[in-house]
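Q: Have a peek at model39.cif (mmCIF, C-alpha atoms).
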```
data_model
loop_
_atom_site.label_atom_id
_atom_site.label_comp_id
_atom_site.auth_asym_id
_atom_site.auth_seq_id
_atom_site.Cartn_x
_atom_site.Cartn_y
_atom_site.Cartn_z
CA MET A 261 220.76 -60.30 -132.88
CA ASN A 262 221.71 -60.06 -129.20
CA PRO A 263 225.52 -60.28 -128.98
CA HIS A 264 225.26 -62.40 -125.85
CA THR A 265 223.27 -64.95 -127.84
CA LEU A 266 226.03 -65.04 -130.42
CA LEU A 267 228.65 -65.37 -127.69
CA ARG A 268 226.97 -68.28 -125.94
CA PRO A 269 228.31 -71.14 -128.15
CA ALA A 270 231.85 -69.84 -127.85
CA LEU A 271 231.87 -68.85 -124.21
CA ALA A 272 229.65 -71.28 -122.37
CA PRO A 273 231.95 -74.33 -122.55
CA LEU A 274 235.04 -72.45 -121.46
CA MET A 275 234.42 -71.65 -117.84
CA PRO A 276 231.12 -72.74 -116.33
CA TRP A 277 233.13 -72.54 -113.11
CA ALA A 278 230.23 -72.60 -110.69
CA ARG A 279 228.87 -75.75 -112.36
CA ARG A 280 232.32 -77.37 -112.36
CA LEU A 281 232.68 -76.59 -108.69
CA ALA A 282 229.12 -77.56 -107.90
CA PRO A 283 229.96 -81.25 -107.19
CA LEU A 284 232.36 -80.04 -104.50
CA LEU A 285 229.74 -77.88 -102.93
CA VAL A 286 226.94 -80.34 -102.17
CA PHE A 287 226.85 -80.51 -98.37
CA THR A 288 225.32 -82.48 -95.58
CA ALA A 289 225.93 -81.82 -91.91
CA LEU A 290 227.62 -84.66 -90.06
CA ALA A 291 224.88 -86.45 -88.17
CA PRO A 292 225.21 -87.90 -84.67
CA VAL A 293 225.58 -91.63 -84.30
CA ALA A 294 222.17 -93.27 -83.96
CA LEU A 295 221.56 -95.44 -80.89
CA PRO A 296 219.18 -98.38 -80.62
CA GLN A 297 215.70 -97.53 -79.39
CA GLN A 298 214.90 -98.53 -75.85
CA THR A 299 211.58 -100.04 -76.88
CA GLY A 300 210.32 -101.74 -80.00
CA GLU A 301 212.56 -102.86 -82.87
CA PRO A 302 216.22 -101.77 -82.53
CA GLU A 303 217.66 -99.48 -85.18
CA ALA A 304 220.91 -100.28 -86.95
CA LEU A 305 223.84 -98.35 -85.53
CA ASP A 306 225.25 -95.63 -87.75
CA ARG A 307 228.91 -96.24 -88.46
CA VAL A 308 231.99 -94.20 -89.20
CA ILE A 309 233.22 -94.80 -92.75
CA ALA A 310 236.02 -92.20 -92.91
CA VAL A 311 237.91 -89.75 -90.72
CA VAL A 312 239.20 -86.40 -92.01
CA ASN A 313 241.60 -84.66 -89.63
CA ASP A 314 239.82 -86.29 -86.65
CA ARG A 315 236.38 -85.43 -88.06
CA ALA A 316 234.14 -88.45 -88.60
CA ILE A 317 232.11 -89.05 -91.74
CA LEU A 318 229.22 -91.42 -91.12
CA GLN A 319 227.35 -93.85 -93.33
CA SER A 320 224.28 -91.64 -92.91
CA ASP A 321 226.27 -88.70 -94.31
CA LEU A 322 227.11 -90.74 -97.40
CA THR A 323 223.47 -91.74 -97.85
CA THR A 324 222.31 -88.12 -97.60
CA GLU A 325 225.08 -87.01 -99.97
CA THR A 326 223.89 -89.37 -102.69
CA HIS A 327 220.34 -88.04 -102.26
CA LEU A 328 221.45 -84.40 -102.40
CA ALA A 329 223.18 -85.01 -105.72
CA VAL A 330 219.75 -84.77 -107.39
CA LEU A 331 219.86 -81.01 -106.74
CA GLU A 332 222.78 -80.60 -109.14
CA PRO A 333 222.14 -80.44 -112.91
CA ARG A 334 223.72 -83.39 -114.68
CA GLY A 335 224.73 -83.56 -118.33
CA ASP A 336 224.41 -86.60 -120.55
CA GLY A 337 228.17 -87.11 -120.42
CA ASP A 338 228.49 -86.89 -116.64
CA PRO A 339 229.64 -90.11 -114.94
CA ALA A 340 227.11 -92.12 -112.99
CA GLU A 341 226.85 -91.48 -109.27
CA THR A 342 228.75 -93.98 -107.09
CA PRO A 343 229.35 -94.25 -103.33
CA GLN A 344 233.05 -93.72 -103.97
CA ALA A 345 232.41 -90.46 -105.85
CA ALA A 346 230.04 -89.27 -103.13
CA LEU A 347 232.62 -89.98 -100.43
CA ARG A 348 235.31 -88.11 -102.39
CA ARG A 349 233.04 -85.07 -102.41
CA LEU A 350 232.40 -85.40 -98.68
CA ILE A 351 236.13 -85.63 -97.96
CA SER A 352 236.92 -82.59 -100.11
CA ARG A 353 234.11 -80.55 -98.59
CA THR A 354 235.13 -81.45 -95.06
CA LEU A 355 238.66 -80.22 -95.80
CA ILE A 356 237.28 -77.00 -97.30
CA ARG A 357 234.97 -76.30 -94.36
CA GLN A 358 237.77 -76.93 -91.87
CA GLN A 359 239.94 -74.43 -93.72
CA ILE A 360 237.14 -71.85 -93.86
CA ARG A 361 236.76 -72.08 -90.09
CA GLN A 362 240.50 -71.70 -89.60
CA GLU A 363 240.74 -68.65 -91.83
CA ASP A 364 237.51 -66.94 -90.81
CA ALA A 365 236.02 -68.48 -87.68
CA GLN A 366 233.66 -65.51 -87.23
CA ALA A 367 232.24 -65.60 -90.76
CA ALA A 368 228.51 -64.93 -90.77
CA LEU A 369 226.33 -67.65 -92.22
CA PRO A 370 224.09 -66.73 -95.16
CA ALA A 371 220.82 -65.15 -94.06
CA ASP A 372 217.62 -67.18 -94.08
CA ASP A 373 216.08 -65.04 -96.81
CA GLU A 374 219.13 -65.59 -99.03
CA VAL A 375 218.82 -69.35 -98.53
CA ALA A 376 215.08 -69.23 -99.23
CA ALA A 377 215.65 -67.26 -102.42
CA ARG A 378 218.17 -69.83 -103.70
CA ILE A 379 215.81 -72.71 -102.90
CA ALA A 380 213.08 -70.91 -104.82
CA GLU A 381 215.44 -70.73 -107.83
CA ILE A 382 216.13 -74.46 -107.56
CA ARG A 383 212.43 -75.25 -107.42
CA LYS A 384 211.84 -73.11 -110.49
CA ASP A 385 214.86 -73.89 -112.68
CA LEU A 386 216.25 -77.33 -111.84
CA PRO A 387 215.21 -79.60 -114.75
CA VAL A 388 214.02 -82.48 -112.56
CA CYS A 389 212.05 -80.00 -110.48
CA VAL A 390 210.44 -78.44 -113.54
CA ARG A 391 209.13 -81.85 -114.52
CA ASP A 392 207.75 -82.42 -111.03
CA ILE A 393 206.23 -78.92 -110.77
CA CYS A 394 208.26 -78.13 -107.65
CA THR A 395 207.00 -74.56 -107.61
CA SER A 396 203.89 -75.88 -105.90
CA GLU A 397 204.13 -77.02 -102.29
CA ALA A 398 202.61 -80.38 -103.19
CA GLY A 399 205.07 -80.91 -106.03
CA TRP A 400 208.05 -79.85 -103.92
CA ASN A 401 207.08 -82.09 -101.00
CA ALA A 402 206.59 -85.01 -103.38
CA PHE A 403 210.00 -84.35 -104.93
CA LEU A 404 211.69 -84.30 -101.52
CA SER A 405 209.95 -87.48 -100.42
CA ARG A 406 210.73 -89.33 -103.64
CA ASN A 407 214.43 -88.46 -103.32
CA GLY A 408 214.76 -89.21 -99.62
CA LEU A 409 215.33 -85.58 -98.62
CA THR A 410 213.95 -83.20 -96.04
CA GLN A 411 213.52 -79.43 -96.21
CA HIS A 412 216.11 -79.07 -93.46
CA GLN A 413 218.71 -81.03 -95.44
CA VAL A 414 218.12 -78.88 -98.52
CA GLU A 415 218.46 -75.70 -96.45
CA ASN A 416 221.76 -76.94 -94.99
CA TYR A 417 223.00 -77.81 -98.48
CA VAL A 418 222.10 -74.39 -99.90
CA ARG A 419 223.48 -72.48 -96.91
CA ASP A 420 226.81 -74.27 -97.11
CA ARG A 421 227.05 -73.82 -100.87
CA ILE A 422 226.45 -70.07 -100.63
CA GLU A 423 229.03 -69.74 -97.85
CA THR A 424 231.64 -71.76 -99.72
CA LEU A 425 231.16 -69.92 -103.02
CA ARG A 426 231.45 -66.63 -101.16
CA PHE A 427 234.69 -67.80 -99.54
CA ILE A 428 236.12 -68.85 -102.92
CA GLU A 429 235.18 -65.51 -104.50
CA GLU A 430 236.71 -63.45 -101.69
CA ARG A 431 239.84 -65.55 -101.34
CA PHE A 432 240.78 -66.07 -104.98
CA ARG A 433 239.38 -63.16 -106.97
CA GLN A 434 241.29 -60.53 -105.04
CA GLY A 435 244.49 -59.51 -106.74
CA ILE A 436 243.65 -61.09 -110.11
CA ARG A 437 244.05 -58.63 -112.97
CA ILE A 438 243.12 -59.32 -116.58
CA SER A 439 245.10 -57.23 -119.05
CA GLN A 440 243.73 -55.67 -122.23
CA ASP A 441 246.18 -57.79 -124.20
CA GLU A 442 244.64 -60.96 -122.73
CA ILE A 443 241.14 -59.77 -123.61
CA GLU A 444 242.13 -58.94 -127.17
CA ALA A 445 243.93 -62.27 -127.60
CA TYR A 446 240.83 -64.15 -126.44
CA TYR A 447 238.64 -62.09 -128.75
CA HIS A 448 240.76 -62.75 -131.86
CA ASP A 449 241.99 -66.28 -131.14
CA THR A 450 238.98 -67.87 -129.42
CA LEU A 451 235.84 -65.85 -130.01
CA LEU A 452 236.05 -64.77 -133.64
CA PRO A 453 236.79 -68.26 -135.04
CA GLN A 454 233.47 -69.43 -133.58
CA TYR A 455 231.46 -67.25 -135.97
CA GLN A 456 230.40 -68.55 -139.35
CA PRO A 457 230.83 -66.45 -142.51
CA GLY A 458 228.01 -63.94 -142.76
CA GLN A 459 227.29 -63.82 -139.04
CA THR A 460 227.46 -60.44 -137.37
CA VAL A 461 230.50 -60.26 -135.09
CA PRO A 462 230.10 -58.04 -132.00
CA PRO A 463 232.78 -55.38 -131.61
CA LEU A 464 235.50 -55.89 -129.03
CA ASP A 465 234.38 -53.08 -126.75
CA GLN A 466 230.90 -54.56 -126.53
CA VAL A 467 232.03 -58.02 -125.38
CA SER A 468 235.13 -57.05 -123.38
CA PRO A 469 233.37 -57.16 -119.96
CA ARG A 470 232.11 -60.69 -120.59
CA ILE A 471 235.51 -61.86 -121.87
CA GLN A 472 237.16 -60.36 -118.81
CA GLU A 473 234.78 -62.29 -116.54
CA ILE A 474 235.48 -65.56 -118.35
CA LEU A 475 239.24 -65.10 -118.04
CA LEU A 476 238.85 -64.09 -114.40
CA GLN A 477 236.83 -67.17 -113.54
CA ARG A 478 239.36 -69.35 -115.35
CA GLN A 479 242.10 -68.05 -113.08
CA VAL A 480 239.91 -68.41 -110.00
CA ASN A 481 239.24 -72.03 -110.88
CA THR A 482 242.96 -72.72 -111.38
CA LEU A 483 243.86 -71.14 -108.04
CA PHE A 484 241.06 -72.96 -106.24
CA SER A 485 242.04 -76.34 -107.72
CA GLY A 486 245.64 -75.90 -106.62
CA TRP A 487 244.57 -74.81 -103.16
CA LEU A 488 242.29 -77.83 -102.77
CA ASP A 489 245.05 -80.16 -103.95
CA ASN A 490 247.28 -78.79 -101.18
CA LEU A 491 244.55 -79.34 -98.59
CA ARG A 492 244.25 -82.95 -99.72
CA LYS A 493 248.00 -83.50 -99.53
CA GLN A 494 248.30 -81.94 -96.09
CA GLY A 495 245.18 -83.52 -94.62
CA GLN A 496 245.00 -86.78 -92.72
CA VAL A 497 242.28 -88.93 -94.29
CA GLU A 498 241.47 -92.49 -93.30
CA VAL A 499 238.82 -94.49 -95.15
CA LEU A 500 237.57 -97.29 -92.90
CA ASP A 501 235.23 -99.10 -95.29
CA PRO A 502 237.23 -101.30 -97.72
CA SER A 503 234.50 -101.01 -100.35
CA LEU A 504 235.04 -97.24 -100.41
CA GLU A 505 238.83 -97.18 -100.44
CA ALA A 506 238.83 -95.92 -104.04
CA ALA A 507 237.52 -92.61 -102.65
CA ALA A 508 241.01 -91.94 -101.32
CA ASP A 509 242.68 -92.36 -104.71
CA ASP A 510 242.57 -88.62 -105.45
CA ILE A 511 243.65 -87.63 -101.95
CA GLY A 512 247.42 -87.21 -101.87
CA GLY A 513 250.09 -86.55 -99.27
CA GLY A 514 249.11 -87.64 -95.78
CA ALA A 515 245.79 -89.02 -96.92
CA GLY A 516 244.99 -92.62 -97.45
CA SER A 517 243.18 -95.64 -96.06
CA GLN A 518 244.44 -98.01 -93.41
#
```
Starting from the file, give its structure as structure tokens.
A:
Amino acid sequence: MNPHTLLRPALAPLMPWARRLAPLLVFTALAPVALPQQTGEPEALDRVIAVVNDRAILQSDLTTETHLAVLEPRGDGDPAETPQAALRRLISRTLIRQQIRQEDAQAALPADDEVAARIAEIRKDLPVCVRDICTSEAGWNAFLSRNGLTQHQVENYVRDRIETLRFIEERFRQGIRISQDEIEAYYHDTLLPQYQPGQTVPPLDQVSPRIQEILLQRQVNTLFSGWLDNLRKQGQVEVLDPSLEAAADDIGGGAGSQ
């Protein structure tokens, strides 16, 4: 039996860090405020619903954010999507992007072919896309239309996610060292108890690289969470829509609604 197959039940729940971070990484560019048309029926004005360090978040951003959430896999136990949850993600991501620009203003954006490759993976592997046969152009276009999305919005979302994950990897993985004692402790205390009597247990040297990666990602996630908490406490966040004020509940320090 493949040792990685045997490892999966024990290891998968422990640090699916990219999936846990995924809700923070859905992105939509802040759109300009819409003006009424000069002829024909007037359009409703877009409105500012929150301000993050003098950066406006618009109602249209919130609408797009709720649509983009379909691109993230959701488990049966995941909470239902709400406008408040979507705004919390937008606030967090705005703080992260502002910090990325401060720390590395000259960072190169992901290349177009890298973005295209990731979109191809989404079209192939995302469960809701598999059902809609998104690998075909007709199926993909129908999926986008049904979920109120455009190709450009998806490209922006993927480009920002790649850039942010790259920033997290470079900023938080450096300097982390996993000792052999930690690997052995995980192997004996966490991995071995997951095997039933009679199952073949892979030797330590065979699974050490995978255990090391799990422990590494656990530390990355801890460092990232603490860093984001500090950004929230230091940032100035004002939620202007009373119905969305709950979005500021998790934003500490100088954040809040007025």
Q: Between A:Gln413, A:Thr460, A:Ser396, A:Gln496, which has the minimum distance to Ala316 of chain A (counting only C-alpha atoms)?
A: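 Of A:Gln413, A:Thr460, A:Ser396, A:Gln496, the one nearest Ala316 of chain A is A:Gln496, counting only C-alpha atoms.
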Q: Atom CA of Glu332 of chain A and atom CA of Gln362 of chain A, how far apart in Å?
A: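 Calculated distance between atom CA of Gln362 of chain A and atom CA of Glu332 of chain A is 27.8 Å.
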Q: Residues within 9 Å of Glu341 of chain A, please, as a PyMOL selection string. Count all atoms listed in the file; anything in the same chain fewer than 5 positions from it doesn't count.
A: chain A and resi 326+329+346
Q: Which value, in Å to one decimal, gives the distance between atom CA of Arg348 of chain A and atom CA of Leu476 of chain A?
A: 27.1 Å
Q: Which of these, A:Arg421, A:Gln358, A:His327, A:Ala376, has the shortest distance to Ser405 of chain A once you count all atoms listed in the file?
A: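 Checking each of A:Arg421, A:Gln358, A:His327, A:Ala376 against Ser405 of chain A, counting all atoms listed in the file, the winner is A:His327.
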Q: From the set A:Asp465, A:Glu442, A:Asp449, A:Asp385, which residue has the shortest atom-to-atom contact distance to Leu331 of chain A, counting only C-alpha atoms?
A: A:Asp385
Q: Residues of segment 417-446 of chain A within 8 Å of segment 479-487 of chain A: nearest atom pair and distance (Å, one decimal) for each, counting only C-alpha atoms, sorted by chain and number, as JSON lines?
A:
```
{"residue": "A:Ile428", "atom": "CA", "partner": "A:Phe484", "partner_atom": "CA", "distance": 7.2}
{"residue": "A:Glu429", "atom": "CA", "partner": "A:Val480", "partner_atom": "CA", "distance": 7.8}
{"residue": "A:Phe432", "atom": "CA", "partner": "A:Val480", "partner_atom": "CA", "distance": 5.6}
{"residue": "A:Arg433", "atom": "CA", "partner": "A:Val480", "partner_atom": "CA", "distance": 6.1}
{"residue": "A:Ile436", "atom": "CA", "partner": "A:Gln479", "partner_atom": "CA", "distance": 7.7}
```
Q: Could you tell me how far atom CA of Arg406 of chain A sits from atom CA of Ile393 of chain A, in Å to one decimal place?
A: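 Going from atom CA of Ile393 of chain A over to atom CA of Arg406 of chain A covers 13.4 Å.
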Q: Just want the 9 Å neighbourhood of Gln319 of chain A, counted on all atoms listed in the file, with same-chain residues fewer than 3 positions away dropped. Output as a list in words.
A: Asp306, Arg307, Val308, Ile309, Ala310, Leu322, Thr323 and Thr324 of chain A
Q: Step by step, work through what the PyMOL selection byres ((chain A and resi 422) around 9) selects in the shown file, and finish by giving those residues as a PyMOL selection string.
A: chain A and resi 285+369-370+374-375+378+417-421+423-427
Q: Write out as a PDB file with C-alpha atoms, in the frame of the given file which residues come within 12 Å of Ser439 of chain A when counting all atoms listed in the file, dropping same-chain ones fewer than 3 positions away.
A:
```pdb
ATOM      1  CA  ILE A 436     243.650 -61.090-110.110  1.00  0.00           C
ATOM      2  CA  GLU A 442     244.640 -60.960-122.730  1.00  0.00           C
ATOM      3  CA  ILE A 443     241.140 -59.770-123.610  1.00  0.00           C
ATOM      4  CA  GLU A 444     242.130 -58.940-127.170  1.00  0.00           C
ATOM      5  CA  ALA A 445     243.930 -62.270-127.600  1.00  0.00           C
ATOM      6  CA  TYR A 446     240.830 -64.150-126.440  1.00  0.00           C
ATOM      7  CA  SER A 468     235.130 -57.050-123.380  1.00  0.00           C
ATOM      8  CA  PRO A 469     233.370 -57.160-119.960  1.00  0.00           C
ATOM      9  CA  ILE A 471     235.510 -61.860-121.870  1.00  0.00           C
ATOM     10  CA  GLN A 472     237.160 -60.360-118.810  1.00  0.00           C
ATOM     11  CA  GLU A 473     234.780 -62.290-116.540  1.00  0.00           C
ATOM     12  CA  LEU A 475     239.240 -65.100-118.040  1.00  0.00           C
ATOM     13  CA  LEU A 476     238.850 -64.090-114.400  1.00  0.00           C
TER      14      LEU A 476
END
```
